[in-house]
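Shown next: entry.cif, containing mmCIF, C-alpha atoms and all ligand atoms.
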data_upload
loop_
_atom_site.group_PDB
_atom_site.id
_atom_site.type_symbol
_atom_site.label_atom_id
_atom_site.label_comp_id
_atom_site.auth_asym_id
_atom_site.auth_seq_id
_atom_site.Cartn_x
_atom_site.Cartn_y
_atom_site.Cartn_z
ATOM 1 C CA MET A 790 22.850 -51.138 65.033
ATOM 2 C CA LYS A 791 24.630 -49.709 62.027
ATOM 3 C CA THR A 792 21.481 -50.135 59.931
ATOM 4 C CA THR A 793 19.419 -48.335 62.554
ATOM 5 C CA MET A 794 21.779 -45.381 62.462
ATOM 6 C CA LYS A 795 21.631 -45.300 58.679
ATOM 7 C CA LEU A 796 17.841 -45.315 58.775
ATOM 8 C CA VAL A 797 17.788 -42.525 61.339
ATOM 9 C CA THR A 798 20.170 -40.460 59.223
ATOM 10 C CA LEU A 799 18.095 -41.117 56.125
ATOM 11 C CA GLY A 800 14.933 -40.140 57.990
ATOM 12 C CA LEU A 801 16.464 -36.870 59.147
ATOM 13 C CA ALA A 802 17.711 -36.122 55.636
ATOM 14 C CA LEU A 803 14.248 -36.733 54.195
ATOM 15 C CA ALA A 804 12.583 -34.573 56.846
ATOM 16 C CA GLY A 805 15.047 -31.798 56.067
ATOM 17 C CA ALA A 806 14.406 -32.068 52.337
ATOM 18 C CA ALA A 807 10.654 -31.970 52.842
ATOM 19 C CA SER A 808 10.818 -28.786 54.899
ATOM 20 C CA LEU A 809 12.783 -27.089 52.117
ATOM 21 C CA ALA A 810 10.307 -28.071 49.427
ATOM 22 C CA ALA A 811 7.334 -25.909 48.453
ATOM 23 C CA ALA A 812 4.442 -25.818 50.911
ATOM 24 C CA THR A 813 1.192 -27.620 50.192
ATOM 25 C CA ALA A 814 -1.913 -25.619 49.286
ATOM 26 C CA ALA A 815 -3.487 -26.463 52.652
ATOM 27 C CA GLU A 816 -0.419 -25.127 54.486
ATOM 28 C CA ASN A 817 -0.360 -21.964 52.403
ATOM 29 C CA TRP A 818 -4.081 -21.428 52.847
ATOM 30 C CA GLU A 819 -3.713 -21.758 56.609
ATOM 31 C CA ASN A 820 -0.638 -19.492 56.804
ATOM 32 C CA HIS A 821 -1.399 -16.807 54.237
ATOM 33 C CA CYS A 822 -5.089 -16.804 53.336
ATOM 34 C CA ALA A 823 -7.322 -18.036 56.172
ATOM 35 C CA SER A 824 -7.038 -14.801 58.185
ATOM 36 C CA CYS A 825 -9.162 -13.111 55.517
ATOM 37 C CA HIS A 826 -10.841 -15.887 53.557
ATOM 38 C CA GLY A 827 -11.469 -18.148 56.575
ATOM 39 C CA GLU A 828 -10.246 -21.725 57.008
ATOM 40 C CA ASP A 829 -13.403 -22.909 55.242
ATOM 41 C CA GLY A 830 -13.351 -20.189 52.549
ATOM 42 C CA LYS A 831 -16.545 -18.533 53.778
ATOM 43 C CA ALA A 832 -14.672 -15.385 54.820
ATOM 44 C CA GLN A 833 -16.547 -15.178 58.122
ATOM 45 C CA THR A 834 -13.446 -13.679 59.771
ATOM 46 C CA LYS A 835 -13.039 -10.167 61.115
ATOM 47 C CA GLN A 836 -11.043 -9.179 58.035
ATOM 48 C CA GLY A 837 -13.302 -11.115 55.686
ATOM 49 C CA LYS A 838 -16.376 -9.276 56.932
ATOM 50 C CA LYS A 839 -14.650 -5.913 56.895
ATOM 51 C CA LEU A 840 -13.412 -6.408 53.344
ATOM 52 C CA LYS A 841 -16.708 -7.962 52.258
ATOM 53 C CA ILE A 842 -14.989 -10.984 50.790
ATOM 54 C CA ARG A 843 -17.213 -13.378 48.907
ATOM 55 C CA ASP A 844 -18.056 -16.859 50.185
ATOM 56 C CA TYR A 845 -15.973 -19.220 48.056
ATOM 57 C CA THR A 846 -18.026 -22.235 49.100
ATOM 58 C CA ASP A 847 -21.013 -20.686 47.290
ATOM 59 C CA ALA A 848 -21.623 -22.345 43.930
ATOM 60 C CA ALA A 849 -22.725 -19.042 42.361
ATOM 61 C CA VAL A 850 -19.486 -17.371 43.469
ATOM 62 C CA GLN A 851 -17.457 -20.330 42.222
ATOM 63 C CA ALA A 852 -19.161 -19.951 38.852
ATOM 64 C CA GLU A 853 -18.069 -16.290 38.698
ATOM 65 C CA LEU A 854 -14.448 -17.105 39.465
ATOM 66 C CA LYS A 855 -12.120 -17.788 36.550
ATOM 67 C CA ASP A 856 -9.047 -19.955 37.061
ATOM 68 C CA ASP A 857 -6.654 -17.582 35.259
ATOM 69 C CA ALA A 858 -7.985 -14.550 37.139
ATOM 70 C CA MET A 859 -7.613 -16.415 40.427
ATOM 71 C CA LEU A 860 -4.064 -17.368 39.538
ATOM 72 C CA GLN A 861 -3.224 -13.769 38.752
ATOM 73 C CA ALA A 862 -4.917 -12.542 41.937
ATOM 74 C CA ILE A 863 -2.834 -14.900 44.064
ATOM 75 C CA LEU A 864 0.427 -13.925 42.369
ATOM 76 C CA ASP A 865 -0.116 -10.198 41.751
ATOM 77 C CA GLY A 866 -2.939 -9.263 44.121
ATOM 78 C CA VAL A 867 -6.389 -7.739 43.659
ATOM 79 C CA LYS A 868 -6.938 -4.057 42.928
ATOM 80 C CA GLU A 869 -10.221 -2.209 42.679
ATOM 81 C CA ASN A 870 -10.279 1.357 41.388
ATOM 82 C CA GLY A 871 -6.516 1.486 41.876
ATOM 83 C CA LYS A 872 -6.797 0.504 45.541
ATOM 84 C CA GLU A 873 -5.234 -2.710 46.755
ATOM 85 C CA ARG A 874 -7.845 -5.140 48.111
ATOM 86 C CA MET A 875 -5.437 -8.052 48.463
ATOM 87 C CA LYS A 876 -1.691 -8.125 48.081
ATOM 88 C CA GLY A 877 0.069 -10.512 45.716
ATOM 89 C CA PHE A 878 1.796 -13.555 47.191
ATOM 90 C CA LYS A 879 4.527 -14.073 44.599
ATOM 91 C CA GLU A 880 7.209 -13.121 47.124
ATOM 92 C CA GLU A 881 5.811 -15.243 49.951
ATOM 93 C CA LEU A 882 5.632 -18.527 48.095
ATOM 94 C CA GLU A 883 8.636 -20.820 47.694
ATOM 95 C CA ASN A 884 7.634 -21.909 44.203
ATOM 96 C CA PRO A 885 5.024 -19.288 43.189
ATOM 97 C CA ASP A 886 3.778 -20.702 39.880
ATOM 98 C CA GLN A 887 3.197 -24.207 41.205
ATOM 99 C CA GLU A 888 1.860 -23.156 44.604
ATOM 100 C CA ALA A 889 -0.535 -20.585 43.139
ATOM 101 C CA LYS A 890 -1.885 -23.253 40.792
ATOM 102 C CA ASP A 891 -2.323 -25.630 43.723
ATOM 103 C CA LEU A 892 -4.161 -22.896 45.639
ATOM 104 C CA VAL A 893 -6.581 -22.387 42.744
ATOM 105 C CA ALA A 894 -7.324 -26.135 42.810
ATOM 106 C CA PHE A 895 -7.688 -25.950 46.606
ATOM 107 C CA ILE A 896 -10.204 -23.074 46.336
ATOM 108 C CA ARG A 897 -12.202 -25.003 43.726
ATOM 109 C CA LYS A 898 -12.556 -27.836 46.257
ATOM 110 C CA LEU A 899 -14.050 -25.465 48.851
ATOM 111 C CA LYS A 900 -17.275 -25.417 46.852
ATOM 112 C CA ALA A 901 -20.129 -26.735 49.006
HETATM 113 C C1 LIG A 1001 -5.864 -9.108 53.655
HETATM 114 C C2 LIG A 1001 -6.919 -10.070 53.364
HETATM 115 C C3 LIG A 1001 -6.631 -11.135 52.326
HETATM 116 C C4 LIG A 1001 -5.689 -12.141 52.361
HETATM 117 C C5 LIG A 1001 -4.659 -12.406 53.436
HETATM 118 C C6 LIG A 1001 -5.879 -12.919 51.159
HETATM 119 N N1 LIG A 1001 -6.917 -12.412 50.418
HETATM 120 FE FE1 LIG A 1001 -7.631 -13.153 48.680
HETATM 121 N N2 LIG A 1001 -8.917 -11.598 48.516
HETATM 122 C C7 LIG A 1001 -9.075 -10.595 49.438
HETATM 123 C C8 LIG A 1001 -10.069 -9.649 48.959
HETATM 124 C C9 LIG A 1001 -10.531 -8.400 49.699
HETATM 125 C C10 LIG A 1001 -10.478 -10.110 47.694
HETATM 126 C C11 LIG A 1001 -11.504 -9.482 46.737
HETATM 127 C C12 LIG A 1001 -12.917 -9.730 47.192
HETATM 128 C C13 LIG A 1001 -13.517 -11.062 46.846
HETATM 129 O O1 LIG A 1001 -13.006 -11.806 45.996
HETATM 130 O O2 LIG A 1001 -14.580 -11.382 47.393
HETATM 131 C C14 LIG A 1001 -9.748 -11.347 47.455
HETATM 132 C C15 LIG A 1001 -9.894 -12.115 46.340
HETATM 133 C C16 LIG A 1001 -9.287 -13.332 46.129
HETATM 134 C C17 LIG A 1001 -9.532 -14.187 44.984
HETATM 135 C C18 LIG A 1001 -10.528 -13.915 43.860
HETATM 136 C C19 LIG A 1001 -9.881 -13.246 42.695
HETATM 137 C C20 LIG A 1001 -10.855 -13.149 41.548
HETATM 138 O O3 LIG A 1001 -10.613 -13.818 40.543
HETATM 139 O O4 LIG A 1001 -11.846 -12.422 41.665
HETATM 140 C C21 LIG A 1001 -8.773 -15.303 45.150
HETATM 141 C C22 LIG A 1001 -8.689 -16.482 44.224
HETATM 142 C C23 LIG A 1001 -8.030 -15.119 46.377
HETATM 143 N N3 LIG A 1001 -8.378 -13.924 46.945
HETATM 144 C C24 LIG A 1001 -7.147 -16.027 46.883
HETATM 145 C C25 LIG A 1001 -6.345 -15.818 47.993
HETATM 146 C C26 LIG A 1001 -5.312 -16.714 48.415
HETATM 147 C C27 LIG A 1001 -4.993 -18.037 47.760
HETATM 148 C C28 LIG A 1001 -4.718 -16.131 49.495
HETATM 149 C C29 LIG A 1001 -3.529 -16.645 50.268
HETATM 150 C C30 LIG A 1001 -2.328 -16.973 49.498
HETATM 151 C C31 LIG A 1001 -5.420 -14.889 49.768
HETATM 152 N N4 LIG A 1001 -6.398 -14.736 48.831
HETATM 153 C C32 LIG A 1001 -5.139 -14.037 50.824
HETATM 154 C C33 LIG A 1001 -8.413 -10.489 50.659
HETATM 155 C C34 LIG A 1001 -7.381 -11.307 51.087
#

Final structure tokens representation of the file:
Amino acid sequence: MKTTMKLVTLGLALAGAASLAAATAAENWENHCASCHGEDGKAQTKQGKKLKIRDYTDAAVQAELKDDAMLQAILDGVKENGKERMKGFKEELENPDQEAKDLVAFIRKLKA
């Protein structure tokens, strides 16, 4: 009985710790990116179409993308002719450097 209680307490502690840790790339993509870029990265969403976002599953588009530029876009946003096309997510991420890197890797895996 005592052991069971200990295990339950340990389980709760671990669950609590996990929820405090940085989010996974898939979670971040779902929460912060999919509304524009689409769950699948094809950007076939209302916003994606309006903003004419490229299809990140397309090999030709993937070839154009550079890892360091993607990283910077995720952290600091995307501007075109001084106009913001996408905001930066530095403030939204728990552990920005790591999570932005994970998102770049996640986007690379969207390639068809
Ligand atoms: C409000 C809509 C919107 C949201 C939300 C959004 N983006 Fe974007 N994103 C854009 C637009 C617009 C562009 C520029 C057009 C393009 O790349 O086709 C862009 C470009 C990018 C690029 C390409 C940068 C480059 O090197 O050219 C990456 C990578 C990217 N977004 C990742 C993300 C990630 C990761 C998230 C979530 C953390 C996110 N975006 C959320 C609209 C958005």

Exactly which residues make up the result of the PyMOL selection byres (((not hetatm)) within 7 of (chain A and resi 1001)) on this file, given as a short mmCIF file (atom, residue, chain, number, x, y, z; two decimals) with C-alpha atoms, keeping the file's coordinate frame?
data_model
loop_
_atom_site.label_atom_id
_atom_site.label_comp_id
_atom_site.auth_asym_id
_atom_site.auth_seq_id
_atom_site.Cartn_x
_atom_site.Cartn_y
_atom_site.Cartn_z
CA ASN A 817 -0.36 -21.96 52.40
CA TRP A 818 -4.08 -21.43 52.85
CA HIS A 821 -1.40 -16.81 54.24
CA CYS A 822 -5.09 -16.80 53.34
CA ALA A 823 -7.32 -18.04 56.17
CA SER A 824 -7.04 -14.80 58.18
CA CYS A 825 -9.16 -13.11 55.52
CA HIS A 826 -10.84 -15.89 53.56
CA GLN A 836 -11.04 -9.18 58.04
CA GLY A 837 -13.30 -11.12 55.69
CA LEU A 840 -13.41 -6.41 53.34
CA LYS A 841 -16.71 -7.96 52.26
CA ILE A 842 -14.99 -10.98 50.79
CA ARG A 843 -17.21 -13.38 48.91
CA LEU A 854 -14.45 -17.10 39.47
CA LYS A 855 -12.12 -17.79 36.55
CA ALA A 858 -7.98 -14.55 37.14
CA MET A 859 -7.61 -16.42 40.43
CA LEU A 860 -4.06 -17.37 39.54
CA ALA A 862 -4.92 -12.54 41.94
CA ILE A 863 -2.83 -14.90 44.06
CA VAL A 867 -6.39 -7.74 43.66
CA ARG A 874 -7.84 -5.14 48.11
CA MET A 875 -5.44 -8.05 48.46
CA PHE A 878 1.80 -13.56 47.19
CA ALA A 889 -0.54 -20.58 43.14
CA LEU A 892 -4.16 -22.90 45.64
CA VAL A 893 -6.58 -22.39 42.74
#

request  = Would you mind telling me which residue in A:Glu873, A:Asp857, A:Glu828, A:Asp847 lies nearest to Ala894 of chain A when using all atoms listed in the file?
outcome  =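 Among the listed residues, A:Asp857 lies closest to Ala894 of chain A.
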
Convert the output of the PyMOL selection byres (((chain A and resi 851) around 12) and not hetatm) on the shown file into explicit residues, formatted as a PDB file with C-alpha atoms, in the coordinates of the input.
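Produced file out_33.pdb, reproduced below:
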ATOM      1  CA  GLY A 830     -13.351 -20.189  52.549  1.00  0.00           C
ATOM      2  CA  LYS A 831     -16.545 -18.533  53.778  1.00  0.00           C
ATOM      3  CA  ARG A 843     -17.213 -13.378  48.907  1.00  0.00           C
ATOM      4  CA  ASP A 844     -18.056 -16.859  50.185  1.00  0.00           C
ATOM      5  CA  TYR A 845     -15.973 -19.220  48.056  1.00  0.00           C
ATOM      6  CA  THR A 846     -18.026 -22.235  49.100  1.00  0.00           C
ATOM      7  CA  ASP A 847     -21.013 -20.686  47.290  1.00  0.00           C
ATOM      8  CA  ALA A 848     -21.623 -22.345  43.930  1.00  0.00           C
ATOM      9  CA  ALA A 849     -22.725 -19.042  42.361  1.00  0.00           C
ATOM     10  CA  VAL A 850     -19.486 -17.371  43.469  1.00  0.00           C
ATOM     11  CA  ALA A 852     -19.161 -19.951  38.852  1.00  0.00           C
ATOM     12  CA  GLU A 853     -18.069 -16.290  38.698  1.00  0.00           C
ATOM     13  CA  LEU A 854     -14.448 -17.105  39.465  1.00  0.00           C
ATOM     14  CA  LYS A 855     -12.120 -17.788  36.550  1.00  0.00           C
ATOM     15  CA  ASP A 856      -9.047 -19.955  37.061  1.00  0.00           C
ATOM     16  CA  MET A 859      -7.613 -16.415  40.427  1.00  0.00           C
ATOM     17  CA  VAL A 893      -6.581 -22.387  42.744  1.00  0.00           C
ATOM     18  CA  ALA A 894      -7.324 -26.135  42.810  1.00  0.00           C
ATOM     19  CA  ILE A 896     -10.204 -23.074  46.336  1.00  0.00           C
ATOM     20  CA  ARG A 897     -12.202 -25.003  43.726  1.00  0.00           C
ATOM     21  CA  LYS A 898     -12.556 -27.836  46.257  1.00  0.00           C
ATOM     22  CA  LEU A 899     -14.050 -25.465  48.851  1.00  0.00           C
ATOM     23  CA  LYS A 900     -17.275 -25.417  46.852  1.00  0.00           C
ATOM     24  CA  ALA A 901     -20.129 -26.735  49.006  1.00  0.00           C
TER      25      ALA A 901
END

inquiry  = Can you translate the PyMOL selection byres (((chain A and resi 812) around 8) and not hetatm) into the concrete residues it hits in this file, as a PyMOL selection string?
reply    = chain A and resi 810-811+813-814+816-817+882-883+888

Given 3 Å on each side, where is the centre and what are the edge lengths in Å to one decimal of the axis-aligned box enclosing the listed atoms of segment 821-826 of chain A, as AutoDock Vina command-line options?
--center_x -6.1 --center_y -15.6 --center_z 55.8 --size_x 15.4 --size_y 10.9 --size_z 10.8

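You can rank A:Lys868, A:Thr798, A:Ala815, A:Gln861 by their closest distance to Asp829 of chain A using all atoms listed in the file, and at the top of that list sits A:Ala815.
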
Straight-line distance linking atom CA of Lys879 of chain A with atom CA of Gly866 of chain A, stated in Å to one decimal = 8.9 Å

ask   = Do you have the atom CA of Asp865 of chain A-atom CA of Glu880 of chain A distance handy?
value = 9.5 Å

Writing all heavy atoms and nothing else, produce segment 865-878 of chain A as a PDB file, in the first residue's frame.
ATOM      1  N   ASP A 865      12.642  35.368 -34.954  1.00  0.00           N
ATOM      2  CA  ASP A 865      12.488  36.821 -35.125  1.00  0.00           C
ATOM      3  C   ASP A 865      11.402  37.215 -36.112  1.00  0.00           C
ATOM      4  O   ASP A 865      11.122  38.396 -36.278  1.00  0.00           O
ATOM      5  CB  ASP A 865      13.826  37.419 -35.598  1.00  0.00           C
ATOM      6  CG  ASP A 865      14.928  37.178 -34.575  1.00  0.00           C
ATOM      7  OD1 ASP A 865      14.624  37.179 -33.370  1.00  0.00           O
ATOM      8  OD2 ASP A 865      16.082  36.979 -34.986  1.00  0.00           O
ATOM      9  N   GLY A 866      10.822  36.245 -36.817  1.00  0.00           N
ATOM     10  CA  GLY A 866       9.754  36.542 -37.755  1.00  0.00           C
ATOM     11  C   GLY A 866      10.256  36.743 -39.174  1.00  0.00           C
ATOM     12  O   GLY A 866      11.452  36.687 -39.444  1.00  0.00           O
ATOM     13  N   VAL A 867       9.306  36.968 -40.086  1.00  0.00           N
ATOM     14  CA  VAL A 867       9.612  37.154 -41.502  1.00  0.00           C
ATOM     15  C   VAL A 867       9.082  38.511 -41.935  1.00  0.00           C
ATOM     16  O   VAL A 867       7.901  38.809 -41.745  1.00  0.00           O
ATOM     17  CB  VAL A 867       8.924  36.068 -42.374  1.00  0.00           C
ATOM     18  CG1 VAL A 867       9.201  36.292 -43.847  1.00  0.00           C
ATOM     19  CG2 VAL A 867       9.352  34.675 -41.938  1.00  0.00           C
ATOM     20  N   LYS A 868       9.955  39.326 -42.499  1.00  0.00           N
ATOM     21  CA  LYS A 868       9.530  40.628 -43.025  1.00  0.00           C
ATOM     22  C   LYS A 868       9.793  40.676 -44.515  1.00  0.00           C
ATOM     23  O   LYS A 868      10.751  40.088 -45.007  1.00  0.00           O
ATOM     24  CB  LYS A 868      10.337  41.740 -42.341  1.00  0.00           C
ATOM     25  CG  LYS A 868       9.770  42.156 -41.010  1.00  0.00           C
ATOM     26  CD  LYS A 868      10.112  43.626 -40.714  1.00  0.00           C
ATOM     27  CE  LYS A 868       9.551  44.059 -39.383  1.00  0.00           C
ATOM     28  NZ  LYS A 868      10.584  44.134 -38.340  1.00  0.00           N
ATOM     29  N   GLU A 869       8.920  41.367 -45.242  1.00  0.00           N
ATOM     30  CA  GLU A 869       9.127  41.553 -46.664  1.00  0.00           C
ATOM     31  C   GLU A 869       8.830  43.002 -46.964  1.00  0.00           C
ATOM     32  O   GLU A 869       7.737  43.480 -46.673  1.00  0.00           O
ATOM     33  CB  GLU A 869       8.181  40.630 -47.439  1.00  0.00           C
ATOM     34  CG  GLU A 869       8.635  40.343 -48.850  1.00  0.00           C
ATOM     35  CD  GLU A 869       7.644  39.414 -49.540  1.00  0.00           C
ATOM     36  OE1 GLU A 869       6.681  39.939 -50.131  1.00  0.00           O
ATOM     37  OE2 GLU A 869       7.816  38.191 -49.462  1.00  0.00           O
ATOM     38  N   ASN A 870       9.782  43.704 -47.509  1.00  0.00           N
ATOM     39  CA  ASN A 870       9.655  45.145 -47.760  1.00  0.00           C
ATOM     40  C   ASN A 870       9.191  45.883 -46.500  1.00  0.00           C
ATOM     41  O   ASN A 870       8.316  46.739 -46.569  1.00  0.00           O
ATOM     42  CB  ASN A 870       8.667  45.419 -48.899  1.00  0.00           C
ATOM     43  CG  ASN A 870       9.096  44.745 -50.187  1.00  0.00           C
ATOM     44  OD1 ASN A 870      10.298  44.652 -50.458  1.00  0.00           O
ATOM     45  ND2 ASN A 870       8.152  44.265 -50.966  1.00  0.00           N
ATOM     46  N   GLY A 871       9.771  45.503 -45.360  1.00  0.00           N
ATOM     47  CA  GLY A 871       9.460  46.180 -44.111  1.00  0.00           C
ATOM     48  C   GLY A 871       8.133  45.773 -43.486  1.00  0.00           C
ATOM     49  O   GLY A 871       7.817  46.199 -42.385  1.00  0.00           O
ATOM     50  N   LYS A 872       7.359  44.953 -44.206  1.00  0.00           N
ATOM     51  CA  LYS A 872       6.062  44.529 -43.660  1.00  0.00           C
ATOM     52  C   LYS A 872       6.181  43.144 -43.043  1.00  0.00           C
ATOM     53  O   LYS A 872       6.797  42.255 -43.641  1.00  0.00           O
ATOM     54  CB  LYS A 872       5.009  44.484 -44.779  1.00  0.00           C
ATOM     55  CG  LYS A 872       4.159  45.738 -44.828  1.00  0.00           C
ATOM     56  CD  LYS A 872       3.143  45.653 -45.931  1.00  0.00           C
ATOM     57  CE  LYS A 872       1.752  45.285 -45.468  1.00  0.00           C
ATOM     58  NZ  LYS A 872       0.842  45.068 -46.615  1.00  0.00           N
ATOM     59  N   GLU A 873       5.573  42.977 -41.875  1.00  0.00           N
ATOM     60  CA  GLU A 873       5.661  41.683 -41.213  1.00  0.00           C
ATOM     61  C   GLU A 873       4.766  40.652 -41.901  1.00  0.00           C
ATOM     62  O   GLU A 873       3.581  40.858 -42.044  1.00  0.00           O
ATOM     63  CB  GLU A 873       5.244  41.841 -39.743  1.00  0.00           C
ATOM     64  CG  GLU A 873       5.438  40.559 -38.962  1.00  0.00           C
ATOM     65  CD  GLU A 873       5.105  40.716 -37.485  1.00  0.00           C
ATOM     66  OE1 GLU A 873       6.010  41.116 -36.740  1.00  0.00           O
ATOM     67  OE2 GLU A 873       3.960  40.463 -37.094  1.00  0.00           O
ATOM     68  N   ARG A 874       5.379  39.540 -42.339  1.00  0.00           N
ATOM     69  CA  ARG A 874       4.620  38.448 -42.949  1.00  0.00           C
ATOM     70  C   ARG A 874       4.323  37.377 -41.905  1.00  0.00           C
ATOM     71  O   ARG A 874       3.328  36.681 -41.967  1.00  0.00           O
ATOM     72  CB  ARG A 874       5.436  37.821 -44.089  1.00  0.00           C
ATOM     73  CG  ARG A 874       5.746  38.773 -45.219  1.00  0.00           C
ATOM     74  CD  ARG A 874       4.807  38.575 -46.368  1.00  0.00           C
ATOM     75  NE  ARG A 874       5.079  37.370 -47.129  1.00  0.00           N
ATOM     76  CZ  ARG A 874       4.115  36.611 -47.653  1.00  0.00           C
ATOM     77  NH1 ARG A 874       2.866  36.923 -47.484  1.00  0.00           N
ATOM     78  NH2 ARG A 874       4.435  35.540 -48.352  1.00  0.00           N
ATOM     79  N   MET A 875       5.241  37.237 -40.968  1.00  0.00           N
ATOM     80  CA  MET A 875       5.067  36.265 -39.879  1.00  0.00           C
ATOM     81  C   MET A 875       5.770  36.839 -38.659  1.00  0.00           C
ATOM     82  O   MET A 875       6.845  37.398 -38.786  1.00  0.00           O
ATOM     83  CB  MET A 875       5.721  34.941 -40.297  1.00  0.00           C
ATOM     84  CG  MET A 875       5.860  33.920 -39.198  1.00  0.00           C
ATOM     85  SD  MET A 875       6.672  32.424 -39.843  1.00  0.00           S
ATOM     86  CE  MET A 875       7.692  31.999 -38.442  1.00  0.00           C
ATOM     87  N   LYS A 876       5.117  36.716 -37.511  1.00  0.00           N
ATOM     88  CA  LYS A 876       5.761  37.255 -36.312  1.00  0.00           C
ATOM     89  C   LYS A 876       6.824  36.277 -35.813  1.00  0.00           C
ATOM     90  O   LYS A 876       6.819  35.101 -36.169  1.00  0.00           O
ATOM     91  CB  LYS A 876       4.717  37.517 -35.231  1.00  0.00           C
ATOM     92  CG  LYS A 876       4.098  36.251 -34.682  1.00  0.00           C
ATOM     93  CD  LYS A 876       3.301  36.537 -33.425  1.00  0.00           C
ATOM     94  CE  LYS A 876       2.806  35.229 -32.815  1.00  0.00           C
ATOM     95  NZ  LYS A 876       2.346  35.345 -31.455  1.00  0.00           N
ATOM     96  N   GLY A 877       7.710  36.755 -34.963  1.00  0.00           N
ATOM     97  CA  GLY A 877       8.699  35.875 -34.350  1.00  0.00           C
ATOM     98  C   GLY A 877       8.092  35.170 -33.147  1.00  0.00           C
ATOM     99  O   GLY A 877       7.174  35.689 -32.516  1.00  0.00           O
ATOM    100  N   PHE A 878       8.616  33.983 -32.833  1.00  0.00           N
ATOM    101  CA  PHE A 878       8.022  33.188 -31.753  1.00  0.00           C
ATOM    102  C   PHE A 878       8.913  33.063 -30.526  1.00  0.00           C
ATOM    103  O   PHE A 878       8.667  32.238 -29.652  1.00  0.00           O
ATOM    104  CB  PHE A 878       7.614  31.807 -32.281  1.00  0.00           C
ATOM    105  CG  PHE A 878       6.389  31.874 -33.146  1.00  0.00           C
ATOM    106  CD1 PHE A 878       6.504  32.106 -34.507  1.00  0.00           C
ATOM    107  CD2 PHE A 878       5.130  31.762 -32.592  1.00  0.00           C
ATOM    108  CE1 PHE A 878       5.378  32.206 -35.308  1.00  0.00           C
ATOM    109  CE2 PHE A 878       3.994  31.859 -33.387  1.00  0.00           C
ATOM    110  CZ  PHE A 878       4.120  32.081 -34.743  1.00  0.00           C
TER     111      PHE A 878
END
